[in-house]
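Undergrad: Quick one, structure-v9.cif (mmCIF, N, CA and C atoms and all ligand atoms):
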```
data_data
#
loop_
_atom_site.label_atom_id
_atom_site.label_comp_id
_atom_site.auth_asym_id
_atom_site.auth_seq_id
_atom_site.Cartn_x
_atom_site.Cartn_y
_atom_site.Cartn_z
N MET A 635 -5.05 -15.19 -0.86
CA MET A 635 -4.88 -14.14 -1.87
C MET A 635 -4.53 -14.78 -3.21
N LYS A 636 -4.95 -14.11 -4.24
CA LYS A 636 -4.72 -14.65 -5.57
C LYS A 636 -3.35 -14.25 -6.12
N TYR A 637 -2.94 -13.03 -5.83
CA TYR A 637 -1.73 -12.50 -6.47
C TYR A 637 -0.52 -12.35 -5.55
N PHE A 638 -0.76 -12.06 -4.29
CA PHE A 638 0.37 -11.78 -3.39
C PHE A 638 0.68 -12.99 -2.51
N VAL A 639 1.95 -13.10 -2.15
CA VAL A 639 2.34 -14.14 -1.20
C VAL A 639 2.90 -13.45 0.05
N PRO A 640 2.84 -14.13 1.21
CA PRO A 640 3.22 -13.49 2.48
C PRO A 640 4.58 -12.81 2.47
N LYS A 641 5.58 -13.41 1.81
CA LYS A 641 6.93 -12.84 1.89
C LYS A 641 7.06 -11.49 1.17
N GLU A 642 6.01 -11.09 0.46
CA GLU A 642 6.05 -9.76 -0.18
C GLU A 642 5.75 -8.65 0.81
N PHE A 643 5.31 -9.03 2.02
CA PHE A 643 4.97 -8.04 3.04
C PHE A 643 6.02 -8.08 4.14
N LYS A 644 6.94 -7.13 4.07
CA LYS A 644 8.07 -7.15 4.98
C LYS A 644 8.27 -5.82 5.69
N MET A 645 8.82 -5.93 6.90
CA MET A 645 9.28 -4.74 7.62
C MET A 645 10.77 -4.96 7.79
N GLY A 646 11.58 -4.32 6.94
CA GLY A 646 12.99 -4.66 6.88
C GLY A 646 13.10 -6.07 6.33
N LYS A 647 13.69 -6.98 7.11
CA LYS A 647 13.83 -8.37 6.65
C LYS A 647 12.73 -9.28 7.20
N GLU A 648 11.94 -8.73 8.11
CA GLU A 648 10.92 -9.53 8.80
C GLU A 648 9.62 -9.59 8.01
N VAL A 649 9.11 -10.80 7.80
CA VAL A 649 7.81 -10.95 7.13
C VAL A 649 6.70 -10.58 8.12
N VAL A 650 5.85 -9.63 7.71
CA VAL A 650 4.81 -9.12 8.62
C VAL A 650 3.40 -9.31 8.05
N PHE A 651 3.30 -10.29 7.19
CA PHE A 651 2.01 -10.57 6.54
C PHE A 651 0.87 -10.73 7.55
N ASP A 652 1.16 -11.42 8.67
CA ASP A 652 0.11 -11.67 9.67
C ASP A 652 -0.30 -10.40 10.43
N LYS A 653 0.42 -9.32 10.23
CA LYS A 653 0.05 -8.05 10.87
C LYS A 653 -0.82 -7.19 9.94
N MET A 654 -1.02 -7.69 8.73
CA MET A 654 -1.81 -6.91 7.77
C MET A 654 -3.30 -7.10 8.02
N ASP A 655 -4.05 -6.05 7.78
CA ASP A 655 -5.50 -6.08 7.91
C ASP A 655 -6.11 -6.91 6.77
N THR A 656 -6.95 -7.87 7.12
CA THR A 656 -7.45 -8.81 6.10
C THR A 656 -8.36 -8.13 5.07
N THR A 657 -9.15 -7.18 5.50
CA THR A 657 -10.01 -6.46 4.55
C THR A 657 -9.15 -5.68 3.56
N PHE A 658 -8.11 -5.07 4.08
CA PHE A 658 -7.21 -4.31 3.20
C PHE A 658 -6.51 -5.23 2.20
N LEU A 659 -6.08 -6.39 2.65
CA LEU A 659 -5.41 -7.34 1.76
C LEU A 659 -6.33 -7.78 0.62
N LYS A 660 -7.59 -7.97 0.95
CA LYS A 660 -8.57 -8.36 -0.05
C LYS A 660 -8.70 -7.27 -1.13
N LEU A 661 -8.75 -6.03 -0.67
CA LEU A 661 -8.86 -4.91 -1.59
C LEU A 661 -7.59 -4.76 -2.44
N LEU A 662 -6.46 -5.04 -1.82
CA LEU A 662 -5.19 -4.95 -2.53
C LEU A 662 -5.12 -5.99 -3.65
N ASP A 663 -5.63 -7.16 -3.37
CA ASP A 663 -5.69 -8.22 -4.39
C ASP A 663 -6.62 -7.80 -5.54
N GLU A 664 -7.74 -7.17 -5.19
CA GLU A 664 -8.67 -6.67 -6.22
C GLU A 664 -8.00 -5.59 -7.06
N LEU A 665 -7.24 -4.74 -6.38
CA LEU A 665 -6.51 -3.68 -7.08
C LEU A 665 -5.54 -4.29 -8.09
N ARG A 666 -4.81 -5.31 -7.67
CA ARG A 666 -3.86 -6.00 -8.54
C ARG A 666 -4.55 -6.58 -9.77
N GLU A 667 -5.71 -7.16 -9.54
CA GLU A 667 -6.52 -7.73 -10.63
C GLU A 667 -6.88 -6.65 -11.65
N LEU A 668 -7.35 -5.52 -11.16
CA LEU A 668 -7.80 -4.43 -12.03
C LEU A 668 -6.65 -3.76 -12.77
N VAL A 669 -5.52 -3.61 -12.10
CA VAL A 669 -4.36 -2.98 -12.73
C VAL A 669 -3.81 -3.89 -13.83
N GLY A 670 -3.87 -5.20 -13.60
CA GLY A 670 -3.49 -6.14 -14.65
C GLY A 670 -2.00 -6.32 -14.85
N GLU A 671 -1.20 -5.86 -13.94
CA GLU A 671 0.25 -6.12 -14.00
C GLU A 671 0.82 -6.19 -12.58
N PRO A 672 1.99 -6.81 -12.44
CA PRO A 672 2.55 -7.00 -11.10
C PRO A 672 2.71 -5.70 -10.32
N LEU A 673 2.42 -5.77 -9.03
CA LEU A 673 2.62 -4.63 -8.15
C LEU A 673 3.67 -5.01 -7.11
N ILE A 674 4.66 -4.16 -6.96
CA ILE A 674 5.74 -4.45 -6.02
C ILE A 674 5.54 -3.65 -4.73
N VAL A 675 5.48 -4.38 -3.62
CA VAL A 675 5.24 -3.76 -2.31
C VAL A 675 6.58 -3.30 -1.72
N ASN A 676 6.74 -1.98 -1.63
CA ASN A 676 7.96 -1.42 -1.02
C ASN A 676 7.87 -1.43 0.50
N SER A 677 6.68 -1.21 1.01
CA SER A 677 6.50 -1.07 2.45
C SER A 677 5.08 -1.48 2.80
N SER A 678 4.91 -2.17 3.95
CA SER A 678 3.56 -2.57 4.35
C SER A 678 3.37 -2.24 5.82
N TYR A 679 3.10 -3.27 6.66
CA TYR A 679 2.96 -3.00 8.10
C TYR A 679 4.27 -2.47 8.68
N ARG A 680 4.17 -1.51 9.57
CA ARG A 680 5.33 -1.01 10.31
C ARG A 680 4.96 -0.90 11.78
N ASN A 681 5.87 -1.31 12.67
CA ASN A 681 5.64 -1.00 14.08
C ASN A 681 6.10 0.44 14.32
N LYS A 682 5.82 0.94 15.52
CA LYS A 682 6.08 2.36 15.82
C LYS A 682 7.53 2.76 15.59
N LEU A 683 8.41 1.90 16.07
CA LEU A 683 9.85 2.20 15.98
C LEU A 683 10.31 2.30 14.54
N TYR A 684 9.89 1.30 13.77
CA TYR A 684 10.28 1.25 12.36
C TYR A 684 9.67 2.42 11.60
N ASN A 685 8.42 2.71 11.91
CA ASN A 685 7.73 3.81 11.24
C ASN A 685 8.45 5.13 11.47
N LYS A 686 8.91 5.33 12.70
CA LYS A 686 9.64 6.54 13.05
C LYS A 686 10.96 6.60 12.28
N ALA A 687 11.62 5.44 12.23
CA ALA A 687 12.93 5.37 11.57
C ALA A 687 12.86 5.70 10.08
N VAL A 688 11.73 5.35 9.45
CA VAL A 688 11.61 5.63 8.01
C VAL A 688 10.87 6.95 7.74
N GLY A 689 10.60 7.70 8.81
CA GLY A 689 9.99 9.02 8.65
C GLY A 689 8.50 9.00 8.37
N GLY A 690 7.83 7.92 8.79
CA GLY A 690 6.38 7.84 8.60
C GLY A 690 5.65 8.76 9.57
N SER A 691 4.44 9.17 9.21
CA SER A 691 3.68 10.06 10.08
C SER A 691 3.18 9.27 11.31
N GLU A 692 2.92 10.00 12.40
CA GLU A 692 2.57 9.37 13.67
C GLU A 692 1.29 8.54 13.62
N ASN A 693 0.34 8.99 12.81
CA ASN A 693 -0.91 8.21 12.72
C ASN A 693 -1.02 7.49 11.37
N SER A 694 0.12 7.08 10.85
CA SER A 694 0.18 6.36 9.58
C SER A 694 -0.66 5.08 9.61
N LEU A 695 -1.34 4.82 8.51
CA LEU A 695 -2.13 3.60 8.40
C LEU A 695 -1.23 2.37 8.27
N HIS A 696 0.05 2.59 8.01
CA HIS A 696 1.02 1.49 7.99
C HIS A 696 1.07 0.81 9.37
N LEU A 697 0.85 1.60 10.41
CA LEU A 697 0.88 1.08 11.79
C LEU A 697 -0.25 0.10 12.07
N LYS A 698 -1.32 0.20 11.27
CA LYS A 698 -2.48 -0.68 11.46
C LYS A 698 -2.55 -1.78 10.42
N GLY A 699 -1.53 -1.85 9.57
CA GLY A 699 -1.54 -2.85 8.50
C GLY A 699 -2.58 -2.56 7.44
N LYS A 700 -2.95 -1.28 7.34
CA LYS A 700 -3.97 -0.89 6.37
C LYS A 700 -3.39 0.00 5.27
N ALA A 701 -2.08 -0.15 5.02
CA ALA A 701 -1.45 0.65 3.98
C ALA A 701 -0.27 -0.10 3.36
N VAL A 702 -0.04 0.19 2.09
CA VAL A 702 1.19 -0.27 1.43
C VAL A 702 1.71 0.86 0.55
N ASP A 703 3.01 0.81 0.29
CA ASP A 703 3.60 1.67 -0.72
C ASP A 703 3.95 0.77 -1.89
N LEU A 704 3.44 1.11 -3.06
CA LEU A 704 3.67 0.31 -4.25
C LEU A 704 4.68 1.00 -5.15
N ARG A 705 5.75 0.28 -5.49
CA ARG A 705 6.79 0.84 -6.34
C ARG A 705 6.20 1.25 -7.68
N CYS A 706 6.59 2.41 -8.14
CA CYS A 706 6.04 2.88 -9.40
C CYS A 706 6.93 3.95 -10.00
N ASN A 707 7.54 3.63 -11.13
CA ASN A 707 8.44 4.58 -11.75
C ASN A 707 7.90 5.16 -13.05
N ASN A 708 6.74 4.72 -13.47
CA ASN A 708 6.23 5.31 -14.71
C ASN A 708 4.78 5.79 -14.59
N GLY A 709 4.50 6.81 -15.36
CA GLY A 709 3.23 7.52 -15.27
C GLY A 709 2.02 6.67 -15.60
N THR A 710 2.18 5.76 -16.57
CA THR A 710 1.05 4.93 -16.97
C THR A 710 0.61 4.03 -15.83
N LEU A 711 1.59 3.36 -15.21
CA LEU A 711 1.27 2.49 -14.09
C LEU A 711 0.71 3.30 -12.91
N ARG A 712 1.31 4.46 -12.66
CA ARG A 712 0.85 5.32 -11.56
C ARG A 712 -0.62 5.69 -11.76
N ALA A 713 -0.96 6.08 -12.98
CA ALA A 713 -2.34 6.47 -13.27
C ALA A 713 -3.30 5.29 -13.07
N LYS A 714 -2.88 4.10 -13.50
CA LYS A 714 -3.72 2.91 -13.35
C LYS A 714 -3.95 2.58 -11.88
N ILE A 715 -2.87 2.62 -11.10
CA ILE A 715 -2.99 2.30 -9.67
C ILE A 715 -3.96 3.28 -9.00
N VAL A 716 -3.76 4.57 -9.26
CA VAL A 716 -4.58 5.60 -8.60
C VAL A 716 -6.04 5.47 -9.02
N LYS A 717 -6.28 5.31 -10.29
CA LYS A 717 -7.66 5.21 -10.80
C LYS A 717 -8.41 4.05 -10.15
N HIS A 718 -7.79 2.87 -10.19
CA HIS A 718 -8.48 1.69 -9.67
C HIS A 718 -8.55 1.70 -8.14
N ALA A 719 -7.53 2.21 -7.49
CA ALA A 719 -7.57 2.28 -6.02
C ALA A 719 -8.70 3.19 -5.57
N LEU A 720 -8.85 4.33 -6.22
CA LEU A 720 -9.92 5.26 -5.85
C LEU A 720 -11.28 4.62 -6.09
N ASN A 721 -11.41 3.90 -7.20
CA ASN A 721 -12.67 3.21 -7.49
C ASN A 721 -13.02 2.16 -6.44
N LEU A 722 -12.00 1.59 -5.84
CA LEU A 722 -12.23 0.57 -4.80
C LEU A 722 -12.49 1.21 -3.43
N GLY A 723 -12.42 2.53 -3.38
CA GLY A 723 -12.67 3.22 -2.12
C GLY A 723 -11.41 3.44 -1.28
N LEU A 724 -10.26 3.11 -1.88
CA LEU A 724 -8.99 3.29 -1.17
C LEU A 724 -8.48 4.72 -1.35
N SER A 725 -7.58 5.13 -0.46
CA SER A 725 -6.97 6.45 -0.56
C SER A 725 -5.57 6.32 -1.13
N CYS A 726 -5.10 7.38 -1.80
CA CYS A 726 -3.79 7.34 -2.45
C CYS A 726 -2.96 8.57 -2.14
N GLY A 727 -1.67 8.35 -1.98
CA GLY A 727 -0.69 9.42 -1.93
C GLY A 727 0.29 9.17 -3.06
N VAL A 728 0.42 10.13 -3.94
CA VAL A 728 1.25 9.93 -5.14
C VAL A 728 2.63 10.56 -4.95
N TYR A 729 3.66 9.74 -5.08
CA TYR A 729 5.05 10.20 -4.96
C TYR A 729 5.79 9.89 -6.25
N ASN A 730 7.01 10.37 -6.38
CA ASN A 730 7.78 10.18 -7.61
C ASN A 730 8.02 8.72 -7.95
N THR A 731 8.37 7.92 -6.95
CA THR A 731 8.75 6.53 -7.25
C THR A 731 7.85 5.50 -6.58
N TRP A 732 6.79 5.94 -5.92
CA TRP A 732 5.83 5.00 -5.34
C TRP A 732 4.47 5.65 -5.16
N VAL A 733 3.47 4.79 -5.00
CA VAL A 733 2.14 5.26 -4.65
C VAL A 733 1.77 4.65 -3.31
N HIS A 734 1.44 5.50 -2.35
CA HIS A 734 0.96 5.03 -1.05
C HIS A 734 -0.53 4.75 -1.22
N VAL A 735 -0.96 3.55 -0.81
CA VAL A 735 -2.37 3.18 -0.90
C VAL A 735 -2.82 2.74 0.48
N ASP A 736 -3.92 3.30 0.98
CA ASP A 736 -4.42 2.86 2.28
C ASP A 736 -5.93 2.78 2.32
N ASN A 737 -6.45 2.17 3.37
CA ASN A 737 -7.89 2.04 3.56
C ASN A 737 -8.30 2.79 4.81
N ARG A 738 -8.72 4.04 4.64
CA ARG A 738 -9.15 4.87 5.76
C ARG A 738 -10.63 5.18 5.62
N GLU A 739 -11.19 5.73 6.69
CA GLU A 739 -12.64 5.94 6.70
C GLU A 739 -13.08 6.96 5.65
N PHE A 740 -12.40 8.10 5.59
CA PHE A 740 -12.79 9.13 4.62
C PHE A 740 -11.71 9.22 3.55
N GLN A 741 -12.12 8.89 2.34
CA GLN A 741 -11.17 8.76 1.24
C GLN A 741 -10.46 10.08 0.89
N ILE A 742 -9.15 9.97 0.65
CA ILE A 742 -8.41 11.14 0.21
C ILE A 742 -7.46 10.77 -0.94
N LEU A 743 -7.06 11.80 -1.69
CA LEU A 743 -6.03 11.66 -2.71
C LEU A 743 -5.09 12.83 -2.51
N TYR A 744 -3.80 12.54 -2.39
CA TYR A 744 -2.85 13.64 -2.23
C TYR A 744 -1.57 13.36 -3.01
N VAL A 745 -0.85 14.44 -3.27
CA VAL A 745 0.44 14.31 -3.94
C VAL A 745 1.53 14.64 -2.92
N GLY A 746 2.43 13.68 -2.71
CA GLY A 746 3.43 13.84 -1.67
C GLY A 746 4.74 14.43 -2.20
ZN ZN A 801 2.87 4.70 2.74
#
```
Starting from the file, give its structure as structure tokens.
Ligand SMILES: [Zn+2]
TA:
Amino acid sequence: MKYFVPKEFKMGKEVVFDKMDTTFLKLLDELRELVGEPLIVNSSYRNKLYNKAVGGSENSLHLKGKAVDLRCNNGTLRAKIVKHALNLGLSCGVYNTWVHVDNREFQILYVG
């Protein structure tokens, strides 16, 4: 990857980079390139137990390593992330302080 390093992908304190889907990681790197500023990964791969503990949905793409939550506190960055992610074919869930980005078969955009 050009922009991200393995330790940025954590489940709690555990580095879970090797559990991430490689196609998704490639797209995430492209997203970072297009956005043109650092992206902070709040959440990436989660196992079932962890996903439940943080209130993730049962069929969350986080369980497959095909999703990340990117920290985002301002509207300009949020708009950039969503625009470029959608252009790359990724799906987005927009929240107040983060944007959920995943790679699913049928693209969606939602506000959480
Ligand atoms: Zn998420």
Undergrad: Smallest atom-to-atom distance to ligand ZN 801 (chain A): which of A:Val650, A:Val702, A:Leu661, A:Ala687, using only C-alpha atoms and all ligand atoms?
TA: A:Val702
Undergrad: Could you give me, as a ChimeraX atom specification, each residue of chain A that DSSP assigns to helix (DSSP H, G or I) when run on this structure's backbone?
TA: /A:640-642,651-653,656-669,682-687,695-698,709-721
Undergrad: Using only C-alpha atoms and all ligand atoms, what are the residues with an atom within 7 Å of ligand ZN 801 (chain A), set out as a PyMOL selection string?
TA: chain A and resi 677+696+701-703+734-735
Undergrad: Give me a file of those residues, with N, CA and C atoms, as a CSV table (one decimal), in the coordinates of the input.
TA:
```csv
chain,number,residue,atom,x,y,z
A,677,SER,N,6.7,-1.2,1.0
A,677,SER,CA,6.5,-1.1,2.4
A,677,SER,C,5.1,-1.5,2.8
A,696,HIS,N,0.0,2.6,8.0
A,696,HIS,CA,1.0,1.5,8.0
A,696,HIS,C,1.1,0.8,9.4
A,701,ALA,N,-2.1,-0.2,5.0
A,701,ALA,CA,-1.4,0.6,4.0
A,701,ALA,C,-0.3,-0.1,3.4
A,702,VAL,N,0.0,0.2,2.1
A,702,VAL,CA,1.2,-0.3,1.4
A,702,VAL,C,1.7,0.9,0.6
A,703,ASP,N,3.0,0.8,0.3
A,703,ASP,CA,3.6,1.7,-0.7
A,703,ASP,C,4.0,0.8,-1.9
A,734,HIS,N,1.4,5.5,-2.4
A,734,HIS,CA,1.0,5.0,-1.0
A,734,HIS,C,-0.5,4.8,-1.2
A,735,VAL,N,-1.0,3.6,-0.8
A,735,VAL,CA,-2.4,3.2,-0.9
A,735,VAL,C,-2.8,2.7,0.5
```
Undergrad: Distance cut-off 8 Å, centre (7.6, -6.6, 7.6) in file coordinates, counting all atoms listed in the file: which residues qualify? Return them as a PDB file with N, CA and C atoms, in the frame of the given file.
TA:
```pdb
ATOM      1  N   GLU A 642       6.010 -11.090   0.460  1.00  0.00           N
ATOM      2  CA  GLU A 642       6.050  -9.760  -0.180  1.00  0.00           C
ATOM      3  C   GLU A 642       5.750  -8.650   0.810  1.00  0.00           C
ATOM      4  N   PHE A 643       5.310  -9.030   2.020  1.00  0.00           N
ATOM      5  CA  PHE A 643       4.970  -8.040   3.040  1.00  0.00           C
ATOM      6  C   PHE A 643       6.020  -8.080   4.140  1.00  0.00           C
ATOM      7  N   LYS A 644       6.940  -7.130   4.070  1.00  0.00           N
ATOM      8  CA  LYS A 644       8.070  -7.150   4.980  1.00  0.00           C
ATOM      9  C   LYS A 644       8.270  -5.820   5.690  1.00  0.00           C
ATOM     10  N   MET A 645       8.820  -5.930   6.900  1.00  0.00           N
ATOM     11  CA  MET A 645       9.280  -4.740   7.620  1.00  0.00           C
ATOM     12  C   MET A 645      10.770  -4.960   7.790  1.00  0.00           C
ATOM     13  N   GLY A 646      11.580  -4.320   6.940  1.00  0.00           N
ATOM     14  CA  GLY A 646      12.990  -4.660   6.880  1.00  0.00           C
ATOM     15  C   GLY A 646      13.100  -6.070   6.330  1.00  0.00           C
ATOM     16  N   LYS A 647      13.690  -6.980   7.110  1.00  0.00           N
ATOM     17  CA  LYS A 647      13.830  -8.370   6.650  1.00  0.00           C
ATOM     18  C   LYS A 647      12.730  -9.280   7.200  1.00  0.00           C
ATOM     19  N   GLU A 648      11.940  -8.730   8.110  1.00  0.00           N
ATOM     20  CA  GLU A 648      10.920  -9.530   8.800  1.00  0.00           C
ATOM     21  C   GLU A 648       9.620  -9.590   8.010  1.00  0.00           C
ATOM     22  N   VAL A 649       9.110 -10.800   7.800  1.00  0.00           N
ATOM     23  CA  VAL A 649       7.810 -10.950   7.130  1.00  0.00           C
ATOM     24  C   VAL A 649       6.700 -10.580   8.120  1.00  0.00           C
ATOM     25  N   VAL A 650       5.850  -9.630   7.710  1.00  0.00           N
ATOM     26  CA  VAL A 650       4.810  -9.120   8.620  1.00  0.00           C
ATOM     27  C   VAL A 650       3.400  -9.310   8.050  1.00  0.00           C
ATOM     28  N   PHE A 651       3.300 -10.290   7.190  1.00  0.00           N
ATOM     29  CA  PHE A 651       2.010 -10.570   6.540  1.00  0.00           C
ATOM     30  C   PHE A 651       0.870 -10.730   7.550  1.00  0.00           C
ATOM     31  N   SER A 677       6.680  -1.210   1.010  1.00  0.00           N
ATOM     32  CA  SER A 677       6.500  -1.070   2.450  1.00  0.00           C
ATOM     33  C   SER A 677       5.080  -1.480   2.800  1.00  0.00           C
ATOM     34  N   SER A 678       4.910  -2.170   3.950  1.00  0.00           N
ATOM     35  CA  SER A 678       3.560  -2.570   4.350  1.00  0.00           C
ATOM     36  C   SER A 678       3.370  -2.240   5.820  1.00  0.00           C
ATOM     37  N   TYR A 679       3.100  -3.270   6.660  1.00  0.00           N
ATOM     38  CA  TYR A 679       2.960  -3.000   8.100  1.00  0.00           C
ATOM     39  C   TYR A 679       4.270  -2.470   8.680  1.00  0.00           C
ATOM     40  N   ARG A 680       4.170  -1.510   9.570  1.00  0.00           N
ATOM     41  CA  ARG A 680       5.330  -1.010  10.310  1.00  0.00           C
ATOM     42  C   ARG A 680       4.960  -0.900  11.780  1.00  0.00           C
ATOM     43  N   ASN A 681       5.870  -1.310  12.670  1.00  0.00           N
ATOM     44  CA  ASN A 681       5.640  -1.000  14.080  1.00  0.00           C
ATOM     45  C   ASN A 681       6.100   0.440  14.320  1.00  0.00           C
TER      46      ASN A 681
END
```
Undergrad: With all atoms listed in the file as the atoms that count, which of A:Leu683, A:Ile742, A:Gly699, A:Leu704 lies nearest to Leu720 in chain A?
TA: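 Of A:Leu683, A:Ile742, A:Gly699, A:Leu704, the one nearest Leu720 in chain A, counting all atoms listed in the file, is A:Ile742.
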Undergrad: For range 723-728 of chain A, please output as an mmCIF file with N, CA and C atoms, in the frame of the given file all residues within 6 Å (counting all atoms listed in the file; exclusion window: fewer than 2 positions along the same chain).
TA:
```
data_model
loop_
_atom_site.group_PDB
_atom_site.id
_atom_site.type_symbol
_atom_site.label_atom_id
_atom_site.label_comp_id
_atom_site.auth_asym_id
_atom_site.auth_seq_id
_atom_site.Cartn_x
_atom_site.Cartn_y
_atom_site.Cartn_z
ATOM 1 N N ALA A 719 -7.530 2.210 -7.490
ATOM 2 C CA ALA A 719 -7.570 2.280 -6.020
ATOM 3 C C ALA A 719 -8.700 3.190 -5.570
ATOM 4 N N LEU A 720 -8.850 4.330 -6.220
ATOM 5 C CA LEU A 720 -9.920 5.260 -5.850
ATOM 6 C C LEU A 720 -11.280 4.620 -6.090
ATOM 7 N N ASN A 721 -11.410 3.900 -7.200
ATOM 8 C CA ASN A 721 -12.670 3.210 -7.490
ATOM 9 C C ASN A 721 -13.020 2.160 -6.440
ATOM 10 N N ASN A 730 7.010 10.370 -6.380
ATOM 11 C CA ASN A 730 7.780 10.180 -7.610
ATOM 12 C C ASN A 730 8.020 8.720 -7.950
ATOM 13 N N TRP A 732 6.790 5.940 -5.920
ATOM 14 C CA TRP A 732 5.830 5.000 -5.340
ATOM 15 C C TRP A 732 4.470 5.650 -5.160
ATOM 16 N N VAL A 733 3.470 4.790 -5.000
ATOM 17 C CA VAL A 733 2.140 5.260 -4.650
ATOM 18 C C VAL A 733 1.770 4.650 -3.310
ATOM 19 N N HIS A 734 1.440 5.500 -2.350
ATOM 20 C CA HIS A 734 0.960 5.030 -1.050
ATOM 21 C C HIS A 734 -0.530 4.750 -1.220
ATOM 22 N N VAL A 735 -0.960 3.550 -0.810
ATOM 23 C CA VAL A 735 -2.370 3.180 -0.900
ATOM 24 C C VAL A 735 -2.820 2.740 0.480
ATOM 25 N N ASP A 736 -3.920 3.300 0.980
ATOM 26 C CA ASP A 736 -4.420 2.860 2.280
ATOM 27 C C ASP A 736 -5.930 2.780 2.320
ATOM 28 N N ASN A 737 -6.450 2.170 3.370
ATOM 29 C CA ASN A 737 -7.890 2.040 3.560
ATOM 30 C C ASN A 737 -8.300 2.790 4.810
ATOM 31 N N ARG A 738 -8.720 4.040 4.640
ATOM 32 C CA ARG A 738 -9.150 4.870 5.760
ATOM 33 C C ARG A 738 -10.630 5.180 5.620
ATOM 34 N N GLN A 741 -12.120 8.890 2.340
ATOM 35 C CA GLN A 741 -11.170 8.760 1.240
ATOM 36 C C GLN A 741 -10.460 10.080 0.890
ATOM 37 N N ILE A 742 -9.150 9.970 0.650
ATOM 38 C CA ILE A 742 -8.410 11.140 0.210
ATOM 39 C C ILE A 742 -7.460 10.770 -0.940
ATOM 40 N N LEU A 743 -7.060 11.800 -1.690
ATOM 41 C CA LEU A 743 -6.030 11.660 -2.710
ATOM 42 C C LEU A 743 -5.090 12.830 -2.510
ATOM 43 N N TYR A 744 -3.800 12.540 -2.390
ATOM 44 C CA TYR A 744 -2.850 13.640 -2.230
ATOM 45 C C TYR A 744 -1.570 13.360 -3.010
ATOM 46 N N VAL A 745 -0.850 14.440 -3.270
ATOM 47 C CA VAL A 745 0.440 14.310 -3.940
ATOM 48 C C VAL A 745 1.530 14.640 -2.920
ATOM 49 N N GLY A 746 2.430 13.680 -2.710
ATOM 50 C CA GLY A 746 3.430 13.840 -1.670
ATOM 51 C C GLY A 746 4.740 14.430 -2.200
#
```
Undergrad: Distance atom N of Gly689 in chain A-atom C of Lys641 in chain A, one decimal place?
TA: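 Answer for the atom N of Gly689 in chain A to atom C of Lys641 in chain A separation: 21.0 Å.
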Undergrad: What does the distance between CA of Phe740 in chain A and atom N of Val675 in chain A come to in Å, to one decimal place?
TA: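 If I compute the distance from CA of Phe740 in chain A to atom N of Val675 in chain A, I get 24.2 Å.
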Undergrad: Can you list, as a VMD selection string, all residues belonging to chain A that DSSP tags as strand (DSSP E or B)?
TA: chain A and resid 644 to 645 648 to 649 675 to 677 701 to 705 725 to 728 732 to 736 743 to 745
Undergrad: Would you mind reading off the distance between atom C of Lys660 in chain A and atom C of Lys686 in chain A, one decimal, in Å?
TA: 27.5 Å
Undergrad: Which of these, A:Tyr637, A:Asp652, A:Leu668, A:Leu697, has the shortest distance to Ile715 in chain A once you count all atoms listed in the file?
TA: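 So, comparing all the options, the nearest one is A:Leu668.
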Undergrad: Return as AutoDock Vina command-line options the centre and edge lengths, in Å with one decimal, of the box along x, y and z that encloses every atom of range 689-708 of chain A in the file, padded by 8 Å per side.
TA:
```
--center_x 3.3 --center_y 3.6 --center_z -0.5 --size_x 30.6 --size_y 28.9 --size_z 44.4
```
